>>> print(open('input.cif').read())   # mmCIF, C-alpha atoms
data_work
#
loop_
_atom_site.group_PDB
_atom_site.id
_atom_site.type_symbol
_atom_site.label_atom_id
_atom_site.label_comp_id
_atom_site.auth_asym_id
_atom_site.auth_seq_id
_atom_site.Cartn_x
_atom_site.Cartn_y
_atom_site.Cartn_z
ATOM 1 C CA MET A 17 41.936 -1.663 2.555
ATOM 2 C CA LEU A 18 43.898 0.169 -0.139
ATOM 3 C CA ALA A 19 40.735 0.928 -2.112
ATOM 4 C CA LEU A 20 39.189 2.720 0.845
ATOM 5 C CA GLN A 21 42.392 4.703 1.319
ATOM 6 C CA ASP A 22 42.160 5.810 -2.306
ATOM 7 C CA ARG A 23 38.572 6.875 -1.741
ATOM 8 C CA LEU A 24 39.676 8.984 1.208
ATOM 9 C CA LYS A 25 42.184 10.767 -1.042
ATOM 10 C CA ALA A 26 39.263 11.995 -3.154
ATOM 11 C CA LEU A 27 38.038 14.031 -0.172
ATOM 12 C CA ARG A 28 40.989 16.360 -0.735
ATOM 13 C CA ASP A 29 39.407 17.467 -4.014
ATOM 14 C CA VAL A 30 37.261 19.698 -1.819
ATOM 15 C CA GLN A 31 39.113 22.872 -0.938
ATOM 16 C CA ASP A 32 40.246 23.241 2.685
ATOM 17 C CA VAL A 33 40.186 19.474 3.385
ATOM 18 C CA TYR A 34 43.373 18.313 5.151
ATOM 19 C CA GLY A 35 42.565 14.625 5.151
ATOM 20 C CA GLY A 36 40.330 11.902 6.464
ATOM 21 C CA PHE A 37 40.242 8.573 8.222
ATOM 22 C CA MET A 38 37.853 5.720 8.818
ATOM 23 C CA VAL A 39 37.247 4.162 12.220
ATOM 24 C CA SER A 40 35.538 0.814 12.834
ATOM 25 C CA THR A 41 32.651 0.511 15.287
ATOM 26 C CA GLN A 42 35.150 -1.157 17.665
ATOM 27 C CA GLY A 43 37.431 1.898 17.502
ATOM 28 C CA ASP A 44 40.088 0.499 15.177
ATOM 29 C CA LEU A 45 41.684 2.668 12.518
ATOM 30 C CA LEU A 46 40.611 1.113 9.191
ATOM 31 C CA ALA A 47 42.170 3.558 6.732
ATOM 32 C CA ARG A 48 43.645 7.031 6.676
ATOM 33 C CA ASP A 49 44.730 9.704 4.283
ATOM 34 C CA LEU A 50 46.435 12.326 6.401
ATOM 35 C CA PRO A 51 49.698 14.285 6.387
ATOM 36 C CA ALA A 52 52.653 12.380 7.890
ATOM 37 C CA MET A 53 52.616 14.473 11.082
ATOM 38 C CA PHE A 54 49.582 12.446 12.191
ATOM 39 C CA SER A 55 51.406 9.312 13.362
ATOM 40 C CA VAL A 56 49.814 5.866 13.434
ATOM 41 C CA GLU A 57 50.058 5.781 17.254
ATOM 42 C CA LEU A 58 48.286 9.116 17.533
ATOM 43 C CA MET A 59 45.601 8.110 15.054
ATOM 44 C CA ASN A 60 44.977 4.826 16.886
ATOM 45 C CA ASP A 61 44.267 6.839 20.049
ATOM 46 C CA VAL A 62 42.095 9.276 18.127
ATOM 47 C CA ALA A 63 40.166 6.414 16.470
ATOM 48 C CA ALA A 64 39.383 4.895 19.865
ATOM 49 C CA ARG A 65 38.033 8.244 21.142
ATOM 50 C CA VAL A 66 35.932 8.787 18.023
ATOM 51 C CA ALA A 67 34.277 5.409 18.639
ATOM 52 C CA LEU A 68 33.713 6.379 22.295
ATOM 53 C CA LEU A 69 31.844 9.477 21.166
ATOM 54 C CA SER A 70 29.370 7.308 19.313
ATOM 55 C CA ASP A 71 29.233 4.750 22.149
ATOM 56 C CA ALA A 72 28.455 7.432 24.730
ATOM 57 C CA CYS A 73 25.421 8.565 22.728
ATOM 58 C CA ARG A 74 24.279 4.961 22.267
ATOM 59 C CA ASP A 75 24.564 4.407 26.018
ATOM 60 C CA CYS A 76 22.057 7.209 26.526
ATOM 61 C CA GLY A 77 19.657 5.687 24.011
ATOM 62 C CA GLN A 78 20.655 7.994 21.140
ATOM 63 C CA THR A 79 22.135 7.107 17.762
ATOM 64 C CA LEU A 80 24.741 9.562 16.531
ATOM 65 C CA THR A 81 24.450 9.910 12.763
ATOM 66 C CA GLU A 82 26.671 12.915 12.249
ATOM 67 C CA CYS A 83 28.816 15.239 14.331
ATOM 68 C CA ILE A 84 30.589 18.462 13.425
ATOM 69 C CA LEU A 85 33.161 19.741 15.871
ATOM 70 C CA ARG A 86 34.165 23.366 15.499
ATOM 71 C CA TYR A 87 37.574 24.581 16.638
ATOM 72 C CA ASN A 88 39.089 28.052 16.326
ATOM 73 C CA GLU A 89 40.311 27.587 12.772
ATOM 74 C CA HIS A 90 39.399 24.006 11.955
ATOM 75 C CA LYS A 91 36.548 21.546 11.903
ATOM 76 C CA LEU A 92 36.318 17.819 12.434
ATOM 77 C CA HIS A 93 33.429 16.186 10.596
ATOM 78 C CA LEU A 94 32.227 12.743 11.666
ATOM 79 C CA ARG A 95 29.695 10.638 9.774
ATOM 80 C CA SER A 96 28.308 7.350 10.960
ATOM 81 C CA THR A 97 28.396 4.503 8.438
ATOM 82 C CA PRO A 98 27.492 0.811 8.698
ATOM 83 C CA VAL A 99 31.253 0.159 8.791
ATOM 84 C CA GLY A 100 31.990 2.678 11.543
ATOM 85 C CA MET A 101 32.776 6.397 11.424
ATOM 86 C CA LEU A 102 34.194 8.477 8.612
ATOM 87 C CA ALA A 103 36.166 11.460 9.931
ATOM 88 C CA VAL A 104 37.394 14.450 7.924
ATOM 89 C CA ILE A 105 39.641 17.290 9.121
ATOM 90 C CA THR A 106 39.064 20.618 7.393
ATOM 91 C CA GLY A 107 39.625 24.323 7.712
ATOM 92 C CA ALA A 108 36.819 26.353 9.288
ATOM 93 C CA SER A 109 35.700 27.797 5.964
ATOM 94 C CA VAL A 110 35.284 24.518 4.082
ATOM 95 C CA ASN A 111 32.448 24.373 1.567
ATOM 96 C CA ALA A 112 29.990 22.283 3.612
ATOM 97 C CA PRO A 113 27.670 21.110 0.788
ATOM 98 C CA ALA A 114 30.637 20.024 -1.368
ATOM 99 C CA LEU A 115 32.181 18.182 1.569
ATOM 100 C CA ARG A 116 28.849 16.498 2.380
ATOM 101 C CA MET A 117 28.660 15.190 -1.198
ATOM 102 C CA ALA A 118 32.266 13.951 -1.102
ATOM 103 C CA MET A 119 31.632 12.207 2.227
ATOM 104 C CA ASN A 120 28.452 10.614 0.865
ATOM 105 C CA LEU A 121 30.468 9.129 -1.995
ATOM 106 C CA VAL A 122 33.149 7.746 0.330
ATOM 107 C CA VAL A 123 30.490 6.228 2.591
ATOM 108 C CA ARG A 124 28.693 4.648 -0.366
ATOM 109 C CA HIS A 125 31.904 3.112 -1.746
ATOM 110 C CA ALA A 126 32.937 1.897 1.709
ATOM 111 C CA GLN A 127 29.579 0.160 2.099
ATOM 112 C CA VAL A 128 29.931 -1.536 -1.292
ATOM 113 C CA GLU A 129 33.518 -2.612 -0.613
ATOM 114 C CA PHE A 130 32.737 -4.043 2.804
ATOM 115 C CA ALA A 131 29.674 -5.859 1.473
ATOM 116 C CA ALA A 132 31.808 -7.401 -1.295
ATOM 117 C CA ALA A 133 34.787 -8.238 0.943
ATOM 118 C CA PRO A 134 35.375 -12.008 1.209
ATOM 119 C CA ARG A 135 34.286 -13.533 4.505
ATOM 120 C CA PRO A 136 36.269 -16.401 6.074
ATOM 121 C CA ASP A 137 34.546 -19.676 5.175
ATOM 122 C CA HIS A 138 35.196 -21.093 8.612
ATOM 123 C CA ASP A 139 34.794 -19.846 12.133
ATOM 124 C CA PRO A 140 38.221 -18.466 13.113
ATOM 125 C CA PHE A 141 37.655 -19.624 16.689
ATOM 126 C CA ASP A 142 36.812 -23.171 15.599
ATOM 127 C CA ARG A 143 40.437 -24.271 15.369
ATOM 128 C CA PRO A 144 41.291 -27.971 15.322
ATOM 129 C CA SER A 145 42.785 -29.107 18.598
ATOM 130 C CA SER A 146 46.510 -29.868 18.558
ATOM 131 C CA PRO A 147 47.364 -33.543 18.230
ATOM 132 C CA PRO A 148 48.236 -35.346 21.448
ATOM 133 C CA SER A 149 51.928 -35.483 22.189
ATOM 134 C CA SER A 150 51.903 -39.216 22.785
ATOM 135 C CA SER A 151 50.150 -42.092 21.068
ATOM 136 C CA ARG A 152 48.149 -42.673 24.211
ATOM 137 C CA PRO A 153 44.533 -41.532 23.732
ATOM 138 C CA VAL A 154 43.676 -38.400 25.696
ATOM 139 C CA ARG A 155 40.586 -38.616 27.843
ATOM 140 C CA MET A 156 38.277 -35.647 27.243
ATOM 141 C CA TYR A 157 35.660 -34.139 29.526
ATOM 142 C CA ARG A 158 33.393 -31.385 28.167
ATOM 143 C CA GLY A 159 35.795 -30.711 25.321
ATOM 144 C CA ARG A 160 38.900 -30.429 27.536
ATOM 145 C CA PRO A 161 41.716 -32.953 27.967
ATOM 146 C CA VAL A 162 41.767 -34.512 31.412
ATOM 147 C CA GLN A 163 44.936 -35.704 33.173
ATOM 148 C CA ASP A 164 44.677 -39.204 34.605
ATOM 149 C CA MET B 4 2.876 36.557 34.873
ATOM 150 C CA VAL B 5 6.664 36.739 34.702
ATOM 151 C CA GLU B 6 8.263 35.846 31.352
ATOM 152 C CA PRO B 7 10.969 33.210 31.694
ATOM 153 C CA GLN B 8 14.496 34.552 31.284
ATOM 154 C CA PRO B 9 15.873 34.099 27.765
ATOM 155 C CA ILE B 10 18.986 31.993 27.308
ATOM 156 C CA GLN B 11 22.193 33.807 26.522
ATOM 157 C CA VAL B 12 23.998 32.093 23.634
ATOM 158 C CA LEU B 13 27.233 33.994 22.997
ATOM 159 C CA ASN B 14 26.036 37.499 22.074
ATOM 160 C CA GLN B 15 22.408 36.494 21.430
ATOM 161 C CA ARG B 16 19.469 36.081 23.798
ATOM 162 C CA LEU B 17 17.151 33.311 22.654
ATOM 163 C CA PRO B 18 13.754 32.525 24.210
ATOM 164 C CA ARG B 19 13.630 29.372 26.327
ATOM 165 C CA ASP B 20 10.582 27.950 24.647
ATOM 166 C CA VAL B 21 12.402 27.434 21.324
ATOM 167 C CA PHE B 22 14.460 24.671 22.954
ATOM 168 C CA GLU B 23 13.472 21.147 23.849
ATOM 169 C CA PHE B 24 16.099 21.394 26.560
ATOM 170 C CA ALA B 25 18.891 23.701 27.679
ATOM 171 C CA LEU B 26 21.671 22.767 30.051
ATOM 172 C CA ARG B 27 24.635 24.728 31.362
ATOM 173 C CA LEU B 28 27.517 23.171 33.271
ATOM 174 C CA ASN B 29 30.271 25.092 34.990
ATOM 175 C CA GLY B 30 33.926 24.096 34.810
ATOM 176 C CA ALA B 31 33.471 21.622 37.678
ATOM 177 C CA GLY B 32 30.527 19.933 35.960
ATOM 178 C CA VAL B 33 27.901 21.480 38.246
ATOM 179 C CA VAL B 34 24.571 22.196 36.580
ATOM 180 C CA THR B 35 23.898 25.953 36.598
ATOM 181 C CA LEU B 36 20.953 25.933 34.165
ATOM 182 C CA ASP B 37 18.506 23.111 33.549
ATOM 183 C CA VAL B 38 15.460 23.558 31.367
ATOM 184 C CA GLY B 39 13.710 20.277 30.628
ATOM 185 C CA THR B 40 16.909 18.242 30.402
ATOM 186 C CA PRO B 41 16.368 14.467 30.255
ATOM 187 C CA ASP B 42 18.126 12.135 32.701
ATOM 188 C CA GLN B 43 21.770 11.306 31.982
ATOM 189 C CA THR B 44 22.108 14.255 29.610
ATOM 190 C CA ALA B 45 24.379 16.238 31.935
ATOM 191 C CA SER B 46 26.891 13.360 32.108
ATOM 192 C CA LEU B 47 26.683 12.821 28.357
ATOM 193 C CA VAL B 48 27.246 16.528 27.612
ATOM 194 C CA ALA B 49 30.172 16.749 30.047
ATOM 195 C CA TYR B 50 31.802 13.636 28.587
ATOM 196 C CA VAL B 51 31.181 14.412 24.922
ATOM 197 C CA SER B 52 32.458 17.985 25.232
ATOM 198 C CA ARG B 53 35.592 16.684 26.958
ATOM 199 C CA LEU B 54 36.118 14.219 24.099
ATOM 200 C CA GLY B 55 35.714 17.094 21.653
ATOM 201 C CA GLN B 56 38.386 19.082 23.475
ATOM 202 C CA TRP B 57 40.688 16.054 23.655
ATOM 203 C CA LEU B 58 40.352 15.357 19.929
ATOM 204 C CA GLY B 59 41.189 18.975 19.127
ATOM 205 C CA GLU B 60 44.237 18.968 21.396
ATOM 206 C CA GLN B 61 45.585 15.702 19.972
ATOM 207 C CA LEU B 62 44.990 16.668 16.336
ATOM 208 C CA GLY B 63 46.353 20.194 16.811
ATOM 209 C CA LEU B 64 43.048 21.830 15.877
ATOM 210 C CA ASP B 65 43.236 24.742 18.343
ATOM 211 C CA ARG B 66 40.590 25.553 20.933
ATOM 212 C CA PHE B 67 37.308 23.669 20.989
ATOM 213 C CA VAL B 68 34.457 26.083 20.230
ATOM 214 C CA ALA B 69 31.280 24.102 19.635
ATOM 215 C CA MET B 70 29.799 20.956 18.174
ATOM 216 C CA GLU B 71 26.609 19.794 16.564
ATOM 217 C CA CYS B 72 25.574 16.215 17.232
ATOM 218 C CA VAL B 73 22.975 14.992 14.769
ATOM 219 C CA LEU B 74 20.978 12.338 16.575
ATOM 220 C CA GLN B 75 17.993 10.354 15.371
ATOM 221 C CA SER B 76 15.813 12.544 17.579
ATOM 222 C CA GLY B 77 17.255 15.805 16.174
ATOM 223 C CA SER B 78 20.318 18.020 16.509
ATOM 224 C CA CYS B 79 21.946 18.905 19.810
ATOM 225 C CA PHE B 80 24.440 21.772 20.039
ATOM 226 C CA ILE B 81 27.182 21.960 22.630
ATOM 227 C CA LEU B 82 29.355 25.037 23.010
ATOM 228 C CA ARG B 83 32.167 26.108 25.244
ATOM 229 C CA GLU B 84 31.490 29.613 26.505
ATOM 230 C CA PRO B 85 34.280 32.186 26.953
ATOM 231 C CA ASP B 86 34.192 31.686 30.757
ATOM 232 C CA GLY B 87 34.709 27.930 30.356
ATOM 233 C CA GLN B 88 31.098 26.876 30.966
ATOM 234 C CA ILE B 89 29.511 24.295 28.691
ATOM 235 C CA LEU B 90 26.083 25.032 27.216
ATOM 236 C CA ALA B 91 23.994 22.314 25.545
ATOM 237 C CA LEU B 92 20.906 23.194 23.559
ATOM 238 C CA LYS B 93 18.410 21.085 21.671
ATOM 239 C CA PRO B 94 16.265 23.274 19.421
ATOM 240 C CA LYS B 95 12.663 22.368 18.677
ATOM 241 C CA THR B 96 12.659 23.567 15.083
ATOM 242 C CA ALA B 97 14.892 23.542 12.011
ATOM 243 C CA ALA B 98 14.773 27.360 11.932
ATOM 244 C CA VAL B 99 16.395 27.606 15.369
ATOM 245 C CA MET B 100 18.989 25.012 14.298
ATOM 246 C CA MET B 101 19.922 27.295 11.412
ATOM 247 C CA VAL B 102 20.260 30.254 13.768
ATOM 248 C CA LEU B 103 22.586 28.262 16.037
ATOM 249 C CA ARG B 104 24.674 26.967 13.115
ATOM 250 C CA GLU B 105 25.199 30.526 11.960
ATOM 251 C CA LEU B 106 25.922 31.803 15.461
ATOM 252 C CA LEU B 107 28.399 29.021 16.223
ATOM 253 C CA GLU B 108 29.803 28.947 12.661
ATOM 254 C CA ILE B 109 29.244 25.226 12.377
#
>>> encode(input="input.cif", output="structure tokens")
Amino acid sequence: MLALQDRLKALRDVQDVYGGFMVSTQGDLLARDLPAMFSVELMNDVAARVALLSDACRDCGQTLTECILRYNEHKLHLRSTPVGMLAVITGASVNAPALRMAMNLVVRHAQVEFAAAPRPDHDPFDRPSSPPSSSRPVRMYRGRPVQD
Amino acid sequence: MVEPQPIQVLNQRLPRDVFEFALRLNGAGVVTLDVGTPDQTASLVAYVSRLGQWLGEQLGLDRFVAMECVLQSGSCFILREPDGQILALKPKTAAVMMVLRELLEI
């Protein structure tokens, strides 16, 4: 996910942007470009809550496409993408149109990268069963070994 | 005929009929104003505003002031009033959205 991380860095070209991160629809942290004070543990918690925000709206029959949270001197911008949520932390006086354009570009590249990402050619849950420990054939019932 | 009371939004008084719904919750989550609010909205507003506060606290972004949620059905604004009450407003028109964005500095 290095490419996505590089894309996030481009957000900082807009003045007053502190950094950004991408959260999957399941609430996992996919990528981040933030100062070191934002630890991985903290950002994992934050990612889960960002996904909950979207889930809560969906539960009430609403689809959240964008959310801007205003704090005393900062803003947190969230944008829904097919991959999950893009989040950007800024100062309160960030240039909103410039940030919107930068976020659009990140979202577009993320979509392209995820569409092009290789998919596993087998079902990860369709693992071959381990060989029997003895040469004696194991009797199976509904796909499970049965003890005689 | 008595005119309905306007809704106080920070230092502005806005007419009720410019909103699809308006909802005010006190600190304990009790509804103190309800104008056309759909079912479940009070719980959603209480929960979402709490998440907004939590995110701000964890990320060190100071006090939560307000948020704009852009939904498929339009924008909904949630603000924390100076006395700790939560006010949720869904404007009917883009013009009122602009007024709220300016007022809340979103």
>>> resolve_selection(input="input.cif", expression="the PyMOL selection byres ((chain B) within 10 of (chain A))", output="number ranges by chain")
B: 41-44, 46-48, 50-82, 107-109
>>> atom_distance(input="input.cif", atom1="CA of Val33 in chain B", atom2="CA of Leu13 in chain B")
19.7 Å
>>> resolve_selection(input="input.cif", expression="the PyMOL selection byres ((chain B and resi 90-101) around 6)", output="compact mmCIF listing (two decimals) with C-alpha atoms, keeping the file's coordinate frame")
# COMPACT_ATOMS: atom_id res chain seq x y z
CA VAL B 21 12.40 27.43 21.32
CA PHE B 22 14.46 24.67 22.95
CA GLU B 23 13.47 21.15 23.85
CA PHE B 24 16.10 21.39 26.56
CA ALA B 25 18.89 23.70 27.68
CA LEU B 26 21.67 22.77 30.05
CA ARG B 27 24.64 24.73 31.36
CA CYS B 79 21.95 18.90 19.81
CA PHE B 80 24.44 21.77 20.04
CA ILE B 81 27.18 21.96 22.63
CA LEU B 82 29.36 25.04 23.01
CA ILE B 89 29.51 24.30 28.69
CA VAL B 102 20.26 30.25 13.77
CA LEU B 103 22.59 28.26 16.04
CA ARG B 104 24.67 26.97 13.12
>>> axis_aligned_box(input="input.cif", around="range 79-94 of chain B", padding_each_side="4 Å", output="AutoDock Vina command-line options")
--center_x 25.5 --center_y 25.5 --center_z 25.2 --size_x 26.4 --size_y 21.3 --size_z 19.5
>>> closest_residue(input="input.cif", among="A:Leu50, A:Ala64, A:Leu115, A:Val39", to="Gly100 in chain A", atoms="only C-alpha atoms")
A:Val39
>>> closest_residue(input="input.cif", among="A:Leu102, A:Val33, A:Glu129, A:Asp49", to="Ala67 in chain A", atoms="only C-alpha atoms")
A:Leu102
>>> closest_residue(input="input.cif", among="A:Ala19, A:Leu24, A:Val56, A:Leu46", to="Val99 in chain A", atoms="all atoms listed in the file")
A:Leu46
>>> atom_distance(input="input.cif", atom1="CA of Glu6 in chain B", atom2="CA of Asp86 in chain B")
26.3 Å
>>> atom_distance(input="input.cif", atom1="CA of Gly39 in chain B", atom2="CA of Asp71 in chain A")
23.5 Å
>>> closest_residue(input="input.cif", among="B:Leu28, B:Val12, B:Leu106, B:Leu36", to="Ala49 in chain B", atoms="all atoms listed in the file")
B:Leu28
>>> closest_residue(input="input.cif", among="A:Gln42, A:Asn60, A:Gln21, A:Arg28", to="Val104 in chain A", atoms="all atoms listed in the file")
A:Arg28
